[in-house]
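Student: The structure that follows is given in the form of structure tokens.
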There are 2 protein chains.
Amino acid sequence: MEKAVNVGIVGMGVVGTGVAKILLNQGHLLSERTGQRFVLKTVVDLDWERERGVDLSGVEKSTDFEALVADPTIDIIVETVGGIEPAFTMVRRALAAGKHVVTANKALIAMKGKTLFKEAEDHGVELRFEASVGGGIPIIKSLREGLVANKIKNMYGIINGTSNYILTRMHRDGLDFGAALREAQTQGFAEADPTLDVGGGDAARKLTILASIAAGGFVEFNAIPVEGNTELTTLDINFAKDFGYVVKLLAIYRFNGEKLDLRVHPTLVPGDHLLAAVNNELNAVFITGDYVGDTMFYGPGAGQTPTASAIVSDLVDLAHVLQTEKTASITTVNPEKQVPLFSLEEITNRFYLRLFTMDQPGILAQIAGVFGKHGISISSVVQLETHGAENYVPIVLLTHEASEKAMFKAMAAIKEFPFVRPDILRLRLFK
Amino acid sequence: MEKAVNVGIVGMGVVGTGVAKILLNQGHLLSERTGQRFVLKTVVDLDWERERGVDLSGVEKSTDFEALVADPTIDIIVETVGGIEPAFTMVRRALAAGKHVVTANKALIAMKGKTLFKEAEDHGVELRFEASVGGGIPIIKSLREGLVANKIKNMYGIINGTSNYILTRMHRDGLDFGAALREAQTQGFAEADPTLDVGGGDAARKLTILASIAAGGFVEFNAIPVEGNTELTTLDINFAKDFGYVVKLLAIYRFNGEKLDLRVHPTLVPGDHLLAAVNNELNAVFITGDYVGDTMFYGPGAGQTPTASAIVSDLVDLAHVLQTEKTASITTVNPEKQVPLFSLEEITNRFYLRLFTMDQPGILAQIAGVFGKHGISISSVVQLETHGAENYVPIVLLTHEASEKAMFKAMAAIKEFPFVRPDILRLRLFK
């Protein structure tokens with residue numbers, strides 16, 4: 001009953017090495033569980049000088065990707081090169097050559113998924129990407145298979161580990177943004193250039209993937225409104241805490257049955273919500289389906305061994321596909337289906353607004369007047385006394401549900417006041 | 001490409017009716033997602049007088065289970081009768097007749113799984129049971145497929161909704177056990193006879209299923225030590241809270257690489273652990289794998305539509321199996337494999353001990369002396385002053401890690417003291 005499944009890996013960086021470790025170290029377990037033997041036949045990389053901490057004796061070490069694609073004994077190719085190019089060309093070549101492909105590459109799936117899934121379909125092979133969102137959490141499988149009976153009403157994802165680590169340190173330990181970021185970099189969670197992480201771009205790529213699956217049609221990455229964490233101060237974190245909230249960078253999916261509301265931005269999450277308890281570099285996706293109700297999937301969103309764990313689960317699924325010689329009928333993403341998105345202007349939210357004003361009488365009345373004029377109702381205000389030589393005092397307002405458009409106009413009007421400092425921060429509340 | 005998959009349901013109670021609702025109402029969605037058409041052909045029940053809140057026109061309503069089994073057009077039978085008999089006989093008959101079977105029946109899988117999986121294998125069909133643990137949470141799929149690359153080191157499950165609801169109300173709102181139980185019954189979470197829920201038996205059945213999958217061999221349900229919630233008082237909940245803990249009824253799986261430590265008992269969970277934030281009737285399973293690290297799966301553990309959501313995910317998987325005409329190679333449970341269990345005596349834990357003593361001098365010293373004699377080190381003691389006419393005062397002790405055997409002996413010795421009331425409560429701390 002035991003069959004060999006021959007695997008090639010291209011890109012022996014951190015994640016590729018992790019996949020090699022599992023295939024070499026957990027071979028007996030995988031064979032016992034699946035009745036199939038996974039053989040790591042070839043690994044392709046340009047650098048074979050570096051020590052990787054895994055014994056590759058018996059594995060062909062190559063620098064020639066084309067030879068891997070041309071090898072008729074290779075069943076599945078794992079792409080762990082990362083980025084768009086050359087990964088895109090490589091995955092396309094592999095699919096066209098009739099190989100199943102597994103990737104952890106969220107940028108590739110988010111930006112080039114439509115082309116690649118078409119390529120896979122044309123050649124009767126599959127492209128799997130469990131590790132592209134939520135690292136080791138089996139979130140793609142849960143969404144496509146476990147929750148297959150459900151229309152997905154809402155998803156709220158904490159899907160950028162760096163941002164969550166920074167926010168946790170700010171909330172729990174009072175660090176400012178810069179110090180928390182430097183710590184994340186020291187700990188190895190954050191890239192040298194953290195723009196994609198703290199700017200929300202990484203979360204938006206992952207949201208594109210989750211939303212396409214949930215909605216059953218490809219979502220345009222560029223159409224998602226994205227705001228990052230970079231303007232958050234410890235003052236805001238502490239105000240939020242006093243109001244009973246924890247600030248989390250959320251990737252948001254809300255479906256009203258016709259149009260999708262997709263966004264990435266820092267969000268005030270109620271302190272007793274389960275998402276508020278997701279801390280440090282950990283990830284979680286909170287999903288509400290029309291039949292199942294509320295669910296949450298939690299775990300490590302990155303790292304060598306969690307990511308490799310997800311990739312190997314894809315390998316096992318593909319081994320079943322190889323055995324049956326039919327592609328699995330998980331056809332949740334229809335490349336022809338257009339899913340209309342709400343523009344930010346069309347939606348409503350509750351807002352947190354923090355601004356600094358000069359300490360003069362009558363200012364709060366004037367600001368409140370602007371809100372009233374734009375039909376925005378204030379639910380809570382805090383203005384602190386000044387102590388010492390500060391010229392500006394912070395004012396924080398929470399609003400009831402209001403339209404984004406009205407809030408945009410109100411903020412523009414408030415910025416015109418000569419007594420208001422230009423660094424106004426607007427956050428949104430969880431709903 | 002669209003094929004019909006003919007489904008029969010036996011047992012049109014709450015859950016069976018839920019499955020009918022999804023098949024009848026989400027047909028378009030399922031067809032779009034899977035390329036297959038799910039047809040609810042026949043429903044079998046003895047009572048066709050009752051109003052079920054679902055329009056069954058076009059579906060054959062029958063009282064004849066044998067006719068369902070004999071119908072060659074039926075591909076899959078859903079068993080939602082519940083309990084051991086007649087469900088056991090029915091499932092066995094269906095498998096022997098070459099039908100795939102889906103069940104939500106945890107008692108059946110926990111107690112008769114070995115026989116039934118053998119029966120399924122002998123007839124080249126599959127028995128699926130996603131809904132048997134954690135209701136709508138795709139926990140079985142996540143464990144068998146999503147985490148397939150991992151040896152499972154630990155699992156901690158909050159897998160009885162009634163108990164969790166009661167504990168949440170006691171912790172948050174100060175209700176005593178009886179009042180919280182009555183409320184759970186009013187809300188429809190608890191059975192009229194709640195013994196299985198609050199006694200831990202229901203959680204032990206589910207743990208049997210999870211442990212068998214994780215360990216890859218059948219676990220004997222009767223070998224699992226089980227303690228319930230029934231002796232917990234609000235005093236204990238509040239002491240635990242003061243120490244920084246939340247009491248949860250946990251199903252515990254710990255594997256040291258050779259032997260399994262399985263238990264069900266109320267456990268003091270640290271207040272900042274994610275499991276402590278799982279409240280009300282909700283369920284969660286916290287799983288640590290050797291490659292993935294810590295993960296958690298959360299959602300509704302019972303109820304009509306969540307349970308039906310899980311059953312339909314099994315139907316979709318089986319539709320793939322039907323299409324390929326091969327059984328899926330998810331062979332994680334080997335009926336021949338014996339997994340040795342630790343006896344309770346062999347393991348160590350940290351303990352919470354609450355006892356009432358007469359208010360006399362020197363008592364604490366005598367109790368502490370017993371612990372010392374048995375090599376148990378005390379980490380924390382609280383003895384409260386008496387107010388009013390109470391003859392007995394509560395003493396609560398937390399211990400460092402100690403053997404269950406030593407603790408058993410120490411408790412027996414303490415019970416001998418004439419100044420100690422017999423209602424001593426021993427709980428365990430999360431580790």
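Identifiers in this document derive from the order of the structure tokens: chains are assigned A, B, ..., residues are numbered from 1 separately in each chain, and ligands are numbered from 1 in order of occurrence.
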Please identify every residue of chain A that has at least one atom no farther than 6 Å from an atom of chain B, counting only C-alpha atoms, and for each give the shortest atom pair and the distance in Å to one decimal, arranged by chain then increasing number, as CSV.

Tutor:
residue,atom,partner,partner_atom,distance
A:Arg33,CA,B:Thr332,CA,4.6
A:Thr34,CA,B:Ser329,CA,5.5
A:Gly136,CA,B:Val292,CA,5.5
A:Pro138,CA,B:Gly146,CA,5.1
A:Gly146,CA,B:Pro138,CA,5.1
A:Val148,CA,B:Ser313,CA,5.9
A:Ala149,CA,B:Ser309,CA,5.6
A:Tyr291,CA,B:Thr305,CA,5.0
A:Val292,CA,B:Pro306,CA,3.9
A:Asp294,CA,B:Gly299,CA,5.7
A:Thr295,CA,B:Gly299,CA,4.1
A:Met296,CA,B:Tyr298,CA,4.8
A:Phe297,CA,B:Phe297,CA,4.9
A:Tyr298,CA,B:Met296,CA,4.8
A:Gly299,CA,B:Thr295,CA,4.1
A:Thr305,CA,B:Tyr291,CA,5.0
A:Pro306,CA,B:Val292,CA,3.9
A:Ser309,CA,B:Ala149,CA,5.6
A:Ser313,CA,B:Gly146,CA,5.5
A:Thr324,CA,B:Thr324,CA,5.9
A:Ser329,CA,B:Thr34,CA,5.5
A:Ile330,CA,B:Thr34,CA,5.5
A:Thr331,CA,B:Arg33,CA,5.2
A:Thr332,CA,B:Arg33,CA,4.5

Student: Write out as a short mmCIF file (atom, residue, chain, number, x, y, z; two decimals) with N, CA and C atoms, in the first residue's frame each polymer residue whose atoms come within 8 Å of A:Ile252, counting only C-alpha atoms; drop sequence neighbours fewer than 5 positions from it.

Tutor:
data_model
loop_
_atom_site.label_atom_id
_atom_site.label_comp_id
_atom_site.auth_asym_id
_atom_site.auth_seq_id
_atom_site.Cartn_x
_atom_site.Cartn_y
_atom_site.Cartn_z
N ASN A 154 -18.75 37.27 8.50
CA ASN A 154 -17.67 38.16 8.93
C ASN A 154 -16.40 37.37 9.15
N MET A 155 -15.27 38.02 8.90
CA MET A 155 -13.97 37.49 9.34
C MET A 155 -13.19 38.66 9.92
N TYR A 156 -12.51 38.40 11.03
CA TYR A 156 -11.64 39.40 11.63
C TYR A 156 -10.30 38.72 11.89
N GLY A 157 -9.26 39.15 11.18
CA GLY A 157 -7.98 38.46 11.30
C GLY A 157 -6.91 39.31 11.96
N LEU A 207 -5.51 39.07 3.60
CA LEU A 207 -6.97 39.27 3.53
C LEU A 207 -7.48 39.01 2.12
N ASP A 261 -17.30 44.33 2.42
CA ASP A 261 -16.61 45.42 3.10
C ASP A 261 -15.27 44.84 3.58
N LEU A 262 -14.20 45.20 2.88
CA LEU A 262 -12.86 44.71 3.24
C LEU A 262 -12.00 45.89 3.67
N ARG A 263 -11.27 45.70 4.77
CA ARG A 263 -10.41 46.77 5.27
C ARG A 263 -9.30 46.18 6.12
N VAL A 264 -8.19 46.92 6.20
CA VAL A 264 -7.15 46.62 7.19
C VAL A 264 -6.87 47.90 7.94
#

Student: For atom CA of B:Tyr253 and atom CA of B:Val269, determine how far apart the two atoms are, in Å to one decimal place.

Tutor: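 Here the two named atoms are 15.2 Å from each other.
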
Student: Can you check which residues of stretch 134-261 of chain B DSSP gives as alpha helix (DSSP H) on the backbone and send them as a ChimeraX atom specification?

Tutor: /B:139-141,161-173,177-187,195-198,201-215,234-242

Student: As an exercise, work out the distance from atom CA of B:Leu322 to atom CA of A:Phe117 in Å and give it to one decimal place.

Tutor: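 Atom-to-atom, atom CA of B:Leu322 to atom CA of A:Phe117, that is 24.5 Å.
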
Student: Grab the atom CA of B:Leu318 to atom CA of B:Ala96 distance for me, in Å with one decimal place.

Tutor: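 One can read the atom CA of B:Leu318 to atom CA of B:Ala96 distance as 16.7 Å.
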
Student: Excluding stretch 195-199 of chain A and any residue of its chain fewer than 2 positions from it, enumerate the residues within 8 Å of it, using only C-alpha atoms, and give them as a list in words.

Tutor: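 Once the adjacent positions are removed, what remains is Asn160, Thr162, Ser163, Ala190, Asp193, Gly201, Asp202, Ala203, Val226, Glu227, Gly228, Asn229 and Thr230 of chain A.
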
Student: Could you write out the selected residues, including C-alpha atoms, as an mmCIF file, in the first residue's frame?

Tutor:
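Okay, result00.cif is ready:
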data_model
loop_
_atom_site.group_PDB
_atom_site.id
_atom_site.type_symbol
_atom_site.label_atom_id
_atom_site.label_comp_id
_atom_site.auth_asym_id
_atom_site.auth_seq_id
_atom_site.Cartn_x
_atom_site.Cartn_y
_atom_site.Cartn_z
ATOM 1 C CA ASN A 160 0.454 40.121 10.980
ATOM 2 C CA THR A 162 4.987 41.805 13.915
ATOM 3 C CA SER A 163 2.173 44.303 14.354
ATOM 4 C CA ALA A 190 10.136 41.915 12.113
ATOM 5 C CA ASP A 193 12.329 46.955 6.475
ATOM 6 C CA GLY A 201 0.284 45.699 3.413
ATOM 7 C CA ASP A 202 1.158 42.193 4.552
ATOM 8 C CA ALA A 203 -2.209 41.791 6.295
ATOM 9 C CA VAL A 226 -5.320 49.873 4.293
ATOM 10 C CA GLU A 227 -4.094 51.794 7.328
ATOM 11 C CA GLY A 228 -1.154 50.742 9.493
ATOM 12 C CA ASN A 229 -0.086 51.083 13.100
ATOM 13 C CA THR A 230 2.598 53.687 12.664
#

Student: For B:Phe430, which of B:Leu24, B:Ala4, B:Leu249, B:Ala365 is the closest residue, counting only C-alpha atoms?

Tutor: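 The answer is B:Leu249, which sits nearest to B:Phe430.
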
Student: Determine which residues of stretch 213-414 of chain A DSSP labels as strand (DSSP E) from the backbone of this structure, then write them out as an MDAnalysis selection string.

Tutor: chainID A and resid 245:255 260:270 282:289 293:300 348:349 351:358 378:383 392:399 402:403

Student: Those selected residues, please, written with C-alpha atoms and delivered as a PDB file, in the first residue's frame.

Tutor:
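This is the output file part.pdb:
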ATOM      1  CA  TYR A 245     -10.598  48.267  24.576  1.00  0.00           C
ATOM      2  CA  VAL A 246      -7.427  46.680  23.201  1.00  0.00           C
ATOM      3  CA  VAL A 247      -6.033  48.014  19.916  1.00  0.00           C
ATOM      4  CA  LYS A 248      -5.385  45.300  17.311  1.00  0.00           C
ATOM      5  CA  LEU A 249      -4.448  45.575  13.641  1.00  0.00           C
ATOM      6  CA  LEU A 250      -7.416  43.774  12.080  1.00  0.00           C
ATOM      7  CA  ALA A 251      -7.995  42.492   8.586  1.00  0.00           C
ATOM      8  CA  ILE A 252     -11.754  42.808   8.226  1.00  0.00           C
ATOM      9  CA  TYR A 253     -14.210  40.983   5.959  1.00  0.00           C
ATOM     10  CA  ARG A 254     -17.912  41.782   6.216  1.00  0.00           C
ATOM     11  CA  PHE A 255     -20.461  40.522   3.714  1.00  0.00           C
ATOM     12  CA  LEU A 260     -18.045  43.026   0.557  1.00  0.00           C
ATOM     13  CA  ASP A 261     -16.611  45.415   3.098  1.00  0.00           C
ATOM     14  CA  LEU A 262     -12.861  44.708   3.242  1.00  0.00           C
ATOM     15  CA  ARG A 263     -10.413  46.765   5.275  1.00  0.00           C
ATOM     16  CA  VAL A 264      -7.154  46.617   7.186  1.00  0.00           C
ATOM     17  CA  HIS A 265      -6.692  49.070  10.040  1.00  0.00           C
ATOM     18  CA  PRO A 266      -5.974  49.360  13.765  1.00  0.00           C
ATOM     19  CA  THR A 267      -9.214  48.637  15.588  1.00  0.00           C
ATOM     20  CA  LEU A 268     -10.417  49.067  19.168  1.00  0.00           C
ATOM     21  CA  VAL A 269     -11.482  45.546  20.166  1.00  0.00           C
ATOM     22  CA  PRO A 270     -13.591  45.141  23.362  1.00  0.00           C
ATOM     23  CA  LEU A 282       0.492  35.010  17.518  1.00  0.00           C
ATOM     24  CA  ASN A 283      -2.194  35.121  14.827  1.00  0.00           C
ATOM     25  CA  ALA A 284      -5.910  34.372  14.878  1.00  0.00           C
ATOM     26  CA  VAL A 285      -8.835  34.538  12.490  1.00  0.00           C
ATOM     27  CA  PHE A 286     -12.321  34.942  13.949  1.00  0.00           C
ATOM     28  CA  ILE A 287     -14.922  33.688  11.463  1.00  0.00           C
ATOM     29  CA  THR A 288     -18.712  33.859  11.592  1.00  0.00           C
ATOM     30  CA  GLY A 289     -20.625  31.540   9.280  1.00  0.00           C
ATOM     31  CA  GLY A 293     -21.891  30.796  14.157  1.00  0.00           C
ATOM     32  CA  ASP A 294     -18.681  32.176  15.696  1.00  0.00           C
ATOM     33  CA  THR A 295     -15.400  30.284  15.392  1.00  0.00           C
ATOM     34  CA  MET A 296     -11.764  31.201  15.888  1.00  0.00           C
ATOM     35  CA  PHE A 297      -8.525  29.688  14.649  1.00  0.00           C
ATOM     36  CA  TYR A 298      -5.363  30.602  16.539  1.00  0.00           C
ATOM     37  CA  GLY A 299      -1.668  29.821  16.250  1.00  0.00           C
ATOM     38  CA  PRO A 300       1.774  30.922  15.075  1.00  0.00           C
ATOM     39  CA  THR A 348     -20.382  53.344   8.712  1.00  0.00           C
ATOM     40  CA  ASN A 349     -18.262  52.801  11.808  1.00  0.00           C
ATOM     41  CA  PHE A 351     -14.742  56.087  15.664  1.00  0.00           C
ATOM     42  CA  TYR A 352     -12.027  56.979  18.160  1.00  0.00           C
ATOM     43  CA  LEU A 353     -10.615  60.437  17.516  1.00  0.00           C
ATOM     44  CA  ARG A 354      -7.575  61.790  19.341  1.00  0.00           C
ATOM     45  CA  LEU A 355      -6.401  65.329  18.865  1.00  0.00           C
ATOM     46  CA  PHE A 356      -4.283  67.911  20.649  1.00  0.00           C
ATOM     47  CA  THR A 357      -5.630  71.410  21.175  1.00  0.00           C
ATOM     48  CA  MET A 358      -4.369  74.527  22.855  1.00  0.00           C
ATOM     49  CA  ILE A 378     -20.460  61.659  20.376  1.00  0.00           C
ATOM     50  CA  SER A 379     -20.718  58.816  22.908  1.00  0.00           C
ATOM     51  CA  SER A 380     -17.782  59.673  25.149  1.00  0.00           C
ATOM     52  CA  VAL A 381     -15.237  62.461  25.628  1.00  0.00           C
ATOM     53  CA  VAL A 382     -12.098  62.698  27.716  1.00  0.00           C
ATOM     54  CA  GLN A 383     -10.128  65.879  28.067  1.00  0.00           C
ATOM     55  CA  TYR A 392      -1.339  71.304  23.989  1.00  0.00           C
ATOM     56  CA  VAL A 393      -3.770  68.999  25.753  1.00  0.00           C
ATOM     57  CA  PRO A 394      -5.140  65.757  24.357  1.00  0.00           C
ATOM     58  CA  ILE A 395      -8.857  65.339  23.723  1.00  0.00           C
ATOM     59  CA  VAL A 396     -10.261  61.913  22.884  1.00  0.00           C
ATOM     60  CA  LEU A 397     -13.760  61.300  21.544  1.00  0.00           C
ATOM     61  CA  LEU A 398     -15.641  58.099  20.874  1.00  0.00           C
ATOM     62  CA  THR A 399     -18.533  58.415  18.435  1.00  0.00           C
ATOM     63  CA  ALA A 402     -21.366  57.369  11.731  1.00  0.00           C
ATOM     64  CA  SER A 403     -20.595  57.342   8.036  1.00  0.00           C
TER      65      SER A 403
END

Student: Applying 8 Å and only C-alpha atoms, which residues near B:Thr234 remain after dropping the ones on its own chain fewer than 3 positions away? List them as a list in words.

Tutor: Met170, His171, Gly174, Leu175, Asp176, Phe177, Ile237 and Asn238 of chain B
